[in-house]
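This is my_file19.csv (CSV, C-alpha atoms).
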```csv
chain,number,residue,atom,x,y,z
A,24,MET,CA,-15.7,-45.6,-9.6
A,25,ASN,CA,-12.6,-44.0,-11.2
A,26,GLU,CA,-14.8,-42.8,-14.0
A,27,VAL,CA,-17.2,-41.1,-11.6
A,28,LEU,CA,-14.3,-39.4,-9.7
A,29,TYR,CA,-12.7,-38.3,-13.0
A,30,THR,CA,-16.1,-36.9,-14.2
A,31,ALA,CA,-16.5,-35.0,-10.9
A,32,LYS,CA,-13.0,-33.6,-11.2
A,33,ILE,CA,-13.6,-32.4,-14.7
A,34,ARG,CA,-16.9,-30.9,-13.7
A,35,LYS,CA,-15.2,-29.1,-10.8
A,36,ILE,CA,-12.5,-27.7,-13.1
A,37,LEU,CA,-15.0,-26.5,-15.7
A,38,PHE,CA,-17.9,-25.3,-13.5
A,39,GLY,CA,-16.2,-24.8,-10.1
A,40,SER,CA,-17.5,-25.4,-6.7
A,41,LYS,CA,-18.9,-23.4,-3.7
A,42,GLU,CA,-15.4,-22.4,-2.7
A,43,SER,CA,-14.1,-21.3,-6.1
A,44,ASN,CA,-15.1,-20.5,-9.7
A,45,GLY,CA,-14.6,-22.9,-12.5
A,46,LEU,CA,-12.7,-22.4,-15.7
A,47,ILE,CA,-15.8,-21.3,-17.7
A,48,ALA,CA,-16.8,-18.7,-15.0
A,49,ASN,CA,-13.3,-17.3,-14.9
A,50,LEU,CA,-13.2,-17.0,-18.7
A,51,VAL,CA,-16.5,-15.1,-18.7
A,52,ILE,CA,-15.4,-12.8,-15.9
A,53,TYR,CA,-11.9,-12.1,-17.3
A,54,SER,CA,-13.4,-11.6,-20.8
A,55,LEU,CA,-15.8,-9.0,-19.4
A,56,LEU,CA,-13.0,-7.3,-17.5
A,57,ILE,CA,-10.7,-7.2,-20.5
A,58,GLY,CA,-13.6,-5.8,-22.7
A,59,ILE,CA,-14.5,-3.1,-20.2
A,60,GLY,CA,-10.8,-2.2,-19.6
A,61,PHE,CA,-10.3,-1.9,-23.3
A,62,VAL,CA,-13.2,0.5,-23.7
A,63,TYR,CA,-11.7,2.8,-21.0
A,64,LEU,CA,-8.0,2.4,-21.9
A,65,TYR,CA,-8.2,2.5,-25.7
A,66,PRO,CA,-8.9,6.3,-25.9
A,67,LEU,CA,-6.1,7.0,-23.5
A,68,ILE,CA,-3.6,4.8,-25.3
A,69,TYR,CA,-4.7,6.3,-28.7
A,70,MET,CA,-4.2,9.9,-27.5
A,71,PHE,CA,-0.9,9.2,-25.8
A,72,ALA,CA,0.4,7.5,-29.0
A,73,ASN,CA,-0.7,10.5,-31.1
A,74,SER,CA,0.7,13.0,-28.7
A,75,MET,CA,4.2,11.6,-29.2
A,76,LYS,CA,4.1,12.0,-33.0
A,77,ASP,CA,5.3,15.0,-35.0
A,78,LEU,CA,3.5,16.4,-38.0
A,79,ASN,CA,5.2,14.0,-40.5
A,80,ASP,CA,4.0,11.0,-38.5
A,81,LEU,CA,0.5,12.4,-38.1
A,82,LEU,CA,0.2,12.9,-41.9
A,83,ASN,CA,1.8,9.5,-42.7
A,84,PRO,CA,-0.9,6.8,-43.1
A,85,MET,CA,1.7,4.1,-42.5
A,86,VAL,CA,2.4,5.2,-39.0
A,87,ASN,CA,-0.4,4.0,-36.7
A,88,TRP,CA,0.6,3.4,-33.1
A,89,ILE,CA,4.4,3.6,-32.8
A,90,PRO,CA,5.9,6.9,-34.1
A,91,THR,CA,9.1,6.9,-36.1
A,92,HIS,CA,10.8,8.9,-33.3
A,93,ILE,CA,9.7,10.4,-30.0
A,94,PHE,CA,8.6,14.0,-30.2
A,95,TYR,CA,8.1,16.0,-27.1
A,96,GLY,CA,7.2,19.3,-28.7
A,97,ASN,CA,3.5,18.9,-28.1
A,98,TYR,CA,4.1,18.5,-24.3
A,99,THR,CA,6.5,21.5,-24.0
A,100,LYS,CA,4.1,23.8,-25.8
A,101,ALA,CA,1.1,22.5,-23.8
A,102,LEU,CA,2.9,23.2,-20.5
A,103,LYS,CA,3.6,26.8,-21.6
A,104,VAL,CA,0.1,27.4,-22.8
A,105,LEU,CA,-1.4,26.0,-19.5
A,106,ASN,CA,1.3,27.6,-17.4
A,107,TYR,CA,1.0,24.2,-15.9
A,108,PHE,CA,2.8,24.1,-12.5
A,109,PRO,CA,1.6,27.5,-11.1
A,110,THR,CA,-1.9,26.7,-12.3
A,111,LEU,CA,-1.8,23.2,-10.8
A,112,TYR,CA,-0.7,24.8,-7.5
A,113,GLU,CA,-3.6,27.2,-7.5
A,114,THR,CA,-6.0,24.4,-8.4
A,115,LEU,CA,-4.9,22.2,-5.6
A,116,TYR,CA,-4.9,25.1,-3.2
A,117,VAL,CA,-8.5,26.0,-3.9
A,118,THR,CA,-9.7,22.4,-4.2
A,119,LEU,CA,-8.0,20.9,-1.1
A,120,ILE,CA,-8.9,23.7,1.3
A,121,THR,CA,-12.5,23.8,0.2
A,122,THR,CA,-12.8,20.0,0.2
A,123,ILE,CA,-11.3,19.6,3.7
A,124,ALA,CA,-13.6,22.4,5.0
A,125,GLN,CA,-16.6,20.7,3.4
A,126,VAL,CA,-15.9,17.3,4.8
A,127,ILE,CA,-15.3,18.5,8.3
A,128,SER,CA,-18.4,20.7,8.4
A,129,SER,CA,-20.5,17.9,6.9
A,130,ALA,CA,-19.3,15.5,9.6
A,131,PHE,CA,-20.2,17.9,12.4
A,132,ILE,CA,-23.6,18.7,10.9
A,133,GLY,CA,-24.4,15.1,10.1
A,134,TYR,CA,-23.4,14.0,13.6
A,135,GLY,CA,-25.6,16.7,15.1
A,136,PHE,CA,-28.7,15.6,13.2
A,137,ALA,CA,-28.0,11.9,13.9
A,138,ARG,CA,-27.3,12.0,17.7
A,139,TYR,CA,-29.1,15.1,19.2
A,140,ASN,CA,-32.7,16.0,19.5
A,141,PHE,CA,-33.5,19.7,19.5
A,142,VAL,CA,-36.5,22.0,18.6
A,143,GLY,CA,-37.0,22.2,14.9
A,144,LYS,CA,-34.7,19.3,14.0
A,145,LYS,CA,-37.1,17.9,11.4
A,146,LEU,CA,-37.6,21.3,9.9
A,147,PHE,CA,-33.9,22.0,9.6
A,148,LEU,CA,-33.4,18.6,8.1
A,149,PHE,CA,-36.1,19.3,5.5
A,150,LEU,CA,-34.6,22.7,4.7
A,151,MET,CA,-31.2,21.1,4.2
A,152,ILE,CA,-32.7,18.6,1.7
A,153,ILE,CA,-34.4,21.5,-0.1
A,154,THR,CA,-31.1,23.2,-0.6
A,155,PHE,CA,-30.0,20.1,-2.6
A,156,LEU,CA,-33.1,20.3,-4.8
A,157,ILE,CA,-32.9,24.0,-5.6
A,158,PRO,CA,-31.0,24.5,-8.9
A,159,GLN,CA,-27.7,26.2,-8.3
A,160,GLN,CA,-28.5,28.7,-11.1
A,161,LEU,CA,-31.0,30.4,-8.8
A,162,LEU,CA,-28.4,31.0,-6.1
A,163,MET,CA,-25.5,32.3,-8.3
A,164,ILE,CA,-26.6,35.9,-8.6
A,165,PRO,CA,-27.7,36.4,-4.9
A,166,ARG,CA,-24.5,34.8,-3.7
A,167,PHE,CA,-22.4,36.8,-6.1
A,168,LEU,CA,-23.9,40.0,-4.7
A,169,ILE,CA,-23.4,38.9,-1.1
A,170,PHE,CA,-19.8,38.0,-1.8
A,171,GLN,CA,-19.3,41.3,-3.5
A,172,ARG,CA,-20.5,43.3,-0.5
A,173,LEU,CA,-18.4,41.2,1.8
A,174,HIS,CA,-15.3,41.6,-0.4
A,175,MET,CA,-15.0,37.8,-0.8
A,176,LEU,CA,-14.7,37.7,-4.6
A,177,LYS,CA,-11.5,36.9,-6.4
A,178,ASN,CA,-10.2,34.8,-3.5
A,179,VAL,CA,-10.7,31.3,-2.0
A,180,LEU,CA,-13.2,32.6,0.6
A,181,ALA,CA,-16.0,32.5,-2.0
A,182,PHE,CA,-15.7,28.7,-1.9
A,183,PHE,CA,-14.4,28.2,1.6
A,184,VAL,CA,-17.1,30.1,3.6
A,185,PRO,CA,-20.1,28.3,2.1
A,186,ALA,CA,-18.3,25.0,2.5
A,187,ILE,CA,-17.5,25.5,6.2
A,188,PHE,CA,-21.1,26.6,6.9
A,189,GLY,CA,-22.7,23.6,5.1
A,190,GLN,CA,-23.6,25.3,1.8
A,191,GLY,CA,-20.8,24.0,-0.5
A,192,ILE,CA,-21.4,22.2,-3.8
A,193,ASN,CA,-23.9,19.4,-3.3
A,194,GLN,CA,-23.0,19.5,0.5
A,195,ALA,CA,-26.5,18.4,1.5
A,196,LEU,CA,-25.7,15.0,0.0
A,197,PHE,CA,-22.6,14.7,2.1
A,198,ILE,CA,-24.5,15.7,5.3
A,199,LEU,CA,-27.0,12.9,4.6
A,200,ILE,CA,-24.2,10.4,4.1
A,201,PHE,CA,-22.8,11.2,7.5
A,202,TYR,CA,-26.2,11.3,9.0
A,203,GLN,CA,-26.8,7.7,7.9
A,204,PHE,CA,-23.5,6.5,9.1
A,205,PHE,CA,-23.7,8.2,12.5
A,206,SER,CA,-27.3,6.9,13.0
A,207,MET,CA,-26.1,3.3,12.8
A,208,ILE,CA,-23.8,3.7,15.8
A,209,PRO,CA,-25.4,2.1,18.8
A,210,LYS,CA,-26.2,4.6,21.5
A,211,SER,CA,-25.1,2.1,24.2
A,212,THR,CA,-21.5,2.6,22.9
A,213,GLU,CA,-21.7,6.4,23.4
A,214,GLU,CA,-23.4,5.9,26.8
A,215,ALA,CA,-20.6,3.6,27.9
A,216,ALA,CA,-18.0,6.2,26.9
A,217,GLN,CA,-19.8,8.9,28.7
A,218,ILE,CA,-20.0,6.8,31.9
A,219,ASP,CA,-16.2,6.5,31.6
A,220,GLY,CA,-15.9,10.3,31.6
A,221,ALA,CA,-15.8,11.1,27.9
A,222,ASN,CA,-17.5,14.3,26.9
A,223,ASP,CA,-19.4,14.8,23.6
A,224,PHE,CA,-16.4,15.9,21.7
A,225,ILE,CA,-14.3,12.9,22.8
A,226,VAL,CA,-17.2,10.6,21.9
A,227,PHE,CA,-17.3,12.2,18.4
A,228,LEU,CA,-13.5,12.1,18.0
A,229,LYS,CA,-12.9,8.6,19.4
A,230,ILE,CA,-16.0,6.7,18.5
A,231,ALA,CA,-18.0,8.4,15.7
A,232,ILE,CA,-15.1,9.3,13.4
A,233,PRO,CA,-13.4,5.9,13.3
A,234,SER,CA,-16.9,4.3,12.6
A,235,ALA,CA,-17.4,6.6,9.7
A,236,VAL,CA,-14.2,6.2,7.8
A,237,PRO,CA,-16.0,5.0,4.6
A,238,ALA,CA,-18.1,8.2,4.7
A,239,PHE,CA,-15.0,10.4,5.0
A,240,VAL,CA,-13.4,8.6,2.0
A,241,ILE,CA,-16.6,8.9,-0.1
A,242,THR,CA,-17.3,12.5,0.7
A,243,PHE,CA,-13.7,13.6,0.2
A,244,ALA,CA,-13.4,11.9,-3.2
A,245,LEU,CA,-16.7,13.3,-4.5
A,246,SER,CA,-16.1,16.8,-3.1
A,247,MET,CA,-12.6,16.9,-4.6
A,248,VAL,CA,-13.9,15.8,-8.0
A,249,TRP,CA,-16.8,18.3,-8.0
A,250,TYR,CA,-14.7,21.3,-6.9
A,251,TRP,CA,-11.9,20.3,-9.3
A,252,ASN,CA,-14.2,20.2,-12.3
A,253,GLU,CA,-16.3,23.2,-11.4
A,254,THR,CA,-15.7,25.9,-14.0
A,255,TYR,CA,-18.7,28.2,-14.1
A,256,LEU,CA,-18.7,29.2,-10.4
A,257,THR,CA,-14.9,29.4,-10.5
A,258,SER,CA,-14.9,31.9,-13.3
A,259,LEU,CA,-17.8,33.8,-11.8
A,260,TYR,CA,-16.3,34.2,-8.3
A,261,PHE,CA,-12.6,34.2,-9.0
A,262,GLY,CA,-12.4,35.9,-12.4
A,263,ASP,CA,-8.8,36.1,-13.5
A,264,ALA,CA,-7.4,36.3,-9.9
A,265,ILE,CA,-7.3,32.5,-9.6
A,266,ARG,CA,-6.9,30.2,-12.6
A,267,THR,CA,-7.6,26.5,-12.4
A,268,LEU,CA,-6.6,23.8,-14.8
A,269,PRO,CA,-10.2,23.1,-16.0
A,270,LEU,CA,-10.6,26.8,-16.9
A,271,GLN,CA,-7.2,26.8,-18.6
A,272,LEU,CA,-8.2,23.8,-20.6
A,273,GLN,CA,-11.4,25.5,-21.8
A,274,LYS,CA,-9.3,28.4,-23.0
A,275,PHE,CA,-6.5,26.2,-24.4
A,276,VAL,CA,-7.1,26.8,-28.2
A,277,ASP,CA,-7.5,30.6,-27.8
A,278,THR,CA,-4.4,30.8,-25.6
A,279,TYR,CA,-2.4,28.6,-28.0
A,280,GLN,CA,-3.3,30.8,-30.9
A,281,ARG,CA,-2.5,33.9,-29.0
A,282,MET,CA,1.0,32.6,-28.0
A,283,PHE,CA,2.0,30.7,-31.1
A,284,GLY,CA,-0.5,31.9,-33.8
A,285,THR,CA,-1.3,29.3,-36.3
A,286,GLU,CA,2.1,27.7,-36.0
A,287,LEU,CA,2.0,23.9,-36.3
A,288,LEU,CA,3.8,21.6,-34.0
A,289,LEU,CA,7.0,20.6,-35.9
A,290,PRO,CA,10.0,18.6,-34.7
A,291,ILE,CA,12.5,20.6,-32.6
A,292,ASP,CA,16.0,20.2,-34.0
```
Please express the file's structure as structure tokens.
Amino acid sequence: MNEVLYTAKIRKILFGSKESNGLIANLVIYSLLIGIGFVYLYPLIYMFANSMKDLNDLLNPMVNWIPTHIFYGNYTKALKVLNYFPTLYETLYVTLITTIAQVISSAFIGYGFARYNFVGKKLFLFLMIITFLIPQQLLMIPRFLIFQRLHMLKNVLAFFVPAIFGQGINQALFILIFYQFFSMIPKSTEEAAQIDGANDFIVFLKIAIPSAVPAFVITFALSMVWYWNETYLTSLYFGDAIRTLPLQLQKFVDTYQRMFGTELLLPID
């Protein structure tokens, strides 16, 4: 009897039970996590270690991960080349304003498609999906000419106006996300709120928005990333009036050579 209990205990420790994983399963899971984490973190750690080296350490084959002394010259020159803090402010200004406008308009449009019936609803929904399928390269020149006539170039309106009217970067995808979330809300909930005296806006504000918090998080994150990384439209619409960090990074080598020539990064005494 004791042997059976002992065997069952060992088996539970190794293979686990319905309530918890066993030792073997945990080893496999953590090995996979460590391996995946290493793949992502290794380049970052490698670049950080090399960024803290001066020229002597970089040329010394005996210095691998830990530099002989901490060297900040690479960072000070990079900040000057990027004009970092003013550029960061402009990037956040453009990205946040446009992202917020895109998320708000996507929520309103998605709610309208999900909860209201009107003439031509399916046609408008189809046209919205078509805008996601049309390559952006076909729309760049017509939009550029329109923005030029409306004096919207070289300012944030070139991004803000399309976003607030449902035509931002990949915005059809965000509208569909909200459309799916709002379609899952039971109509009986809205009808009960309307019986209590709530109008359509209150229903949207008090019931629809709290139910779609995951949609807001997803759309905000994706929109932020896409507007942050957008470089072609930014350079096309803004020119030199607004400079973002991704644009500055693209020009980093040319700007560095213009500011410092072919000067190498040497230790600062």
_Residues near region 215-231 of chain A, anyone? I mean within 9 Å using all atoms listed in the file, not counting same-chain ones fewer than 2 positions away, as an NGL selection string._
:A and (131 or 134 or 204-205 or 208 or 210-213 or 233-235)
Quick one: write out the picked residues with C-alpha atoms as a short mmCIF file (atom, residue, chain, number, x, y, z; two decimals), keeping the file's coordinate frame?
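Saved to part_4.cif:
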```cif
data_model
loop_
_atom_site.label_atom_id
_atom_site.label_comp_id
_atom_site.auth_asym_id
_atom_site.auth_seq_id
_atom_site.Cartn_x
_atom_site.Cartn_y
_atom_site.Cartn_z
CA PHE A 131 -20.20 17.90 12.40
CA TYR A 134 -23.40 14.00 13.60
CA PHE A 204 -23.50 6.50 9.10
CA PHE A 205 -23.70 8.20 12.50
CA ILE A 208 -23.80 3.70 15.80
CA LYS A 210 -26.20 4.60 21.50
CA SER A 211 -25.10 2.10 24.20
CA THR A 212 -21.50 2.60 22.90
CA GLU A 213 -21.70 6.40 23.40
CA PRO A 233 -13.40 5.90 13.30
CA SER A 234 -16.90 4.30 12.60
CA ALA A 235 -17.40 6.60 9.70
#
```
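For the pair CA of Phe197 (chain A) and CA of Thr242 (chain A), the interatomic distance is 5.9 Å.
Here CA of Thr257 (chain A) stands at a distance of 16.9 Å from CA of Gln194 (chain A).
Each of A:Ala124, A:Ile200, A:Ala238, A:Met151 was checked against Pro185 (chain A) using all atoms listed in the file; the smallest atom-to-atom distance is that of A:Ala124.
Counting all atoms listed in the file and comparing A:Met282, A:Leu162, A:Leu176, A:Ile89, the residue that lies closest to Leu259 (chain A) is A:Leu176.
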_Calculated over all atoms listed in the file, which of the candidates A:Leu78, A:Glu214, A:Arg281, A:Leu272 has the smallest distance to Ala101 (chain A)?_
A:Leu272
*Please indicate the distance in Å from CA of Gly189 (chain A) to CA of Ser128 (chain A), rounded to one decimal place.*
6.1 Å
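Ranking A:Glu113, A:Val104, A:Thr122, A:Gly60 by their shortest atom-to-atom distance to Val248 (chain A), with all atoms listed in the file included, puts A:Thr122 first.
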*Rank nothing, just name the residue among A:Ile169, A:Met85, A:Ala244, A:Ile123 nearest to Gly191 (chain A), using all atoms listed in the file.*
A:Ile123
Complete region 154-174 of chain A at the level of N, CA, C and O atoms, written as a PDB file, in the frame of the given file.
```pdb
ATOM      1  N   THR A 154     -32.240  22.515  -0.006  1.00  0.00           N
ATOM      2  CA  THR A 154     -31.100  23.200  -0.600  1.00  0.00           C
ATOM      3  C   THR A 154     -30.430  22.344  -1.694  1.00  0.00           C
ATOM      4  O   THR A 154     -29.806  22.875  -2.626  1.00  0.00           O
ATOM      5  N   PHE A 155     -30.526  21.020  -1.563  1.00  0.00           N
ATOM      6  CA  PHE A 155     -30.000  20.100  -2.600  1.00  0.00           C
ATOM      7  C   PHE A 155     -30.835  20.093  -3.834  1.00  0.00           C
ATOM      8  O   PHE A 155     -30.328  19.873  -4.936  1.00  0.00           O
ATOM      9  N   LEU A 156     -32.137  20.319  -3.648  1.00  0.00           N
ATOM     10  CA  LEU A 156     -33.100  20.300  -4.800  1.00  0.00           C
ATOM     11  C   LEU A 156     -33.151  21.567  -5.549  1.00  0.00           C
ATOM     12  O   LEU A 156     -33.552  21.573  -6.710  1.00  0.00           O
ATOM     13  N   ILE A 157     -32.799  22.668  -4.899  1.00  0.00           N
ATOM     14  CA  ILE A 157     -32.900  24.000  -5.600  1.00  0.00           C
ATOM     15  C   ILE A 157     -31.762  24.051  -6.632  1.00  0.00           C
ATOM     16  O   ILE A 157     -30.597  23.797  -6.321  1.00  0.00           O
ATOM     17  N   PRO A 158     -32.081  24.403  -7.868  1.00  0.00           N
ATOM     18  CA  PRO A 158     -31.000  24.500  -8.900  1.00  0.00           C
ATOM     19  C   PRO A 158     -30.021  25.611  -8.498  1.00  0.00           C
ATOM     20  O   PRO A 158     -30.382  26.684  -8.009  1.00  0.00           O
ATOM     21  N   GLN A 159     -28.740  25.304  -8.709  1.00  0.00           N
ATOM     22  CA  GLN A 159     -27.700  26.200  -8.300  1.00  0.00           C
ATOM     23  C   GLN A 159     -27.759  27.540  -9.127  1.00  0.00           C
ATOM     24  O   GLN A 159     -27.293  28.580  -8.663  1.00  0.00           O
ATOM     25  N   GLN A 160     -28.376  27.498 -10.302  1.00  0.00           N
ATOM     26  CA  GLN A 160     -28.500  28.700 -11.100  1.00  0.00           C
ATOM     27  C   GLN A 160     -29.283  29.798 -10.429  1.00  0.00           C
ATOM     28  O   GLN A 160     -29.053  30.989 -10.660  1.00  0.00           O
ATOM     29  N   LEU A 161     -30.237  29.382  -9.560  1.00  0.00           N
ATOM     30  CA  LEU A 161     -31.000  30.400  -8.800  1.00  0.00           C
ATOM     31  C   LEU A 161     -30.271  31.067  -7.738  1.00  0.00           C
ATOM     32  O   LEU A 161     -30.656  32.149  -7.301  1.00  0.00           O
ATOM     33  N   LEU A 162     -29.200  30.452  -7.274  1.00  0.00           N
ATOM     34  CA  LEU A 162     -28.400  31.000  -6.100  1.00  0.00           C
ATOM     35  C   LEU A 162     -27.199  31.759  -6.569  1.00  0.00           C
ATOM     36  O   LEU A 162     -26.575  32.421  -5.724  1.00  0.00           O
ATOM     37  N   MET A 163     -26.826  31.651  -7.837  1.00  0.00           N
ATOM     38  CA  MET A 163     -25.500  32.300  -8.300  1.00  0.00           C
ATOM     39  C   MET A 163     -25.536  33.769  -8.099  1.00  0.00           C
ATOM     40  O   MET A 163     -24.619  34.334  -7.500  1.00  0.00           O
ATOM     41  N   ILE A 164     -26.555  34.445  -8.618  1.00  0.00           N
ATOM     42  CA  ILE A 164     -26.600  35.900  -8.600  1.00  0.00           C
ATOM     43  C   ILE A 164     -26.704  36.424  -7.150  1.00  0.00           C
ATOM     44  O   ILE A 164     -25.941  37.330  -6.750  1.00  0.00           O
ATOM     45  N   PRO A 165     -27.649  35.905  -6.317  1.00  0.00           N
ATOM     46  CA  PRO A 165     -27.700  36.400  -4.900  1.00  0.00           C
ATOM     47  C   PRO A 165     -26.381  36.170  -4.175  1.00  0.00           C
ATOM     48  O   PRO A 165     -25.929  37.055  -3.437  1.00  0.00           O
ATOM     49  N   ARG A 166     -25.757  35.012  -4.356  1.00  0.00           N
ATOM     50  CA  ARG A 166     -24.500  34.800  -3.700  1.00  0.00           C
ATOM     51  C   ARG A 166     -23.406  35.697  -4.211  1.00  0.00           C
ATOM     52  O   ARG A 166     -22.570  36.190  -3.437  1.00  0.00           O
ATOM     53  N   PHE A 167     -23.400  35.932  -5.504  1.00  0.00           N
ATOM     54  CA  PHE A 167     -22.400  36.800  -6.100  1.00  0.00           C
ATOM     55  C   PHE A 167     -22.525  38.222  -5.463  1.00  0.00           C
ATOM     56  O   PHE A 167     -21.507  38.848  -5.113  1.00  0.00           O
ATOM     57  N   LEU A 168     -23.750  38.718  -5.304  1.00  0.00           N
ATOM     58  CA  LEU A 168     -23.900  40.000  -4.700  1.00  0.00           C
ATOM     59  C   LEU A 168     -23.533  40.075  -3.261  1.00  0.00           C
ATOM     60  O   LEU A 168     -22.941  41.061  -2.787  1.00  0.00           O
ATOM     61  N   ILE A 169     -23.835  38.987  -2.520  1.00  0.00           N
ATOM     62  CA  ILE A 169     -23.400  38.900  -1.100  1.00  0.00           C
ATOM     63  C   ILE A 169     -21.898  38.898  -0.999  1.00  0.00           C
ATOM     64  O   ILE A 169     -21.309  39.628  -0.195  1.00  0.00           O
ATOM     65  N   PHE A 170     -21.258  38.055  -1.809  1.00  0.00           N
ATOM     66  CA  PHE A 170     -19.800  38.000  -1.800  1.00  0.00           C
ATOM     67  C   PHE A 170     -19.153  39.308  -2.180  1.00  0.00           C
ATOM     68  O   PHE A 170     -18.102  39.688  -1.652  1.00  0.00           O
ATOM     69  N   GLN A 171     -19.798  40.003  -3.093  1.00  0.00           N
ATOM     70  CA  GLN A 171     -19.300  41.300  -3.500  1.00  0.00           C
ATOM     71  C   GLN A 171     -19.308  42.313  -2.393  1.00  0.00           C
ATOM     72  O   GLN A 171     -18.355  43.069  -2.181  1.00  0.00           O
ATOM     73  N   ARG A 172     -20.412  42.321  -1.633  1.00  0.00           N
ATOM     74  CA  ARG A 172     -20.500  43.300  -0.500  1.00  0.00           C
ATOM     75  C   ARG A 172     -19.554  42.900   0.616  1.00  0.00           C
ATOM     76  O   ARG A 172     -19.070  43.796   1.317  1.00  0.00           O
ATOM     77  N   LEU A 173     -19.284  41.618   0.785  1.00  0.00           N
ATOM     78  CA  LEU A 173     -18.400  41.200   1.800  1.00  0.00           C
ATOM     79  C   LEU A 173     -16.921  41.122   1.384  1.00  0.00           C
ATOM     80  O   LEU A 173     -16.058  40.675   2.146  1.00  0.00           O
ATOM     81  N   HIS A 174     -16.647  41.553   0.158  1.00  0.00           N
ATOM     82  CA  HIS A 174     -15.300  41.600  -0.400  1.00  0.00           C
ATOM     83  C   HIS A 174     -14.662  40.170  -0.401  1.00  0.00           C
ATOM     84  O   HIS A 174     -13.490  40.000  -0.071  1.00  0.00           O
TER      85      HIS A 174
END
```
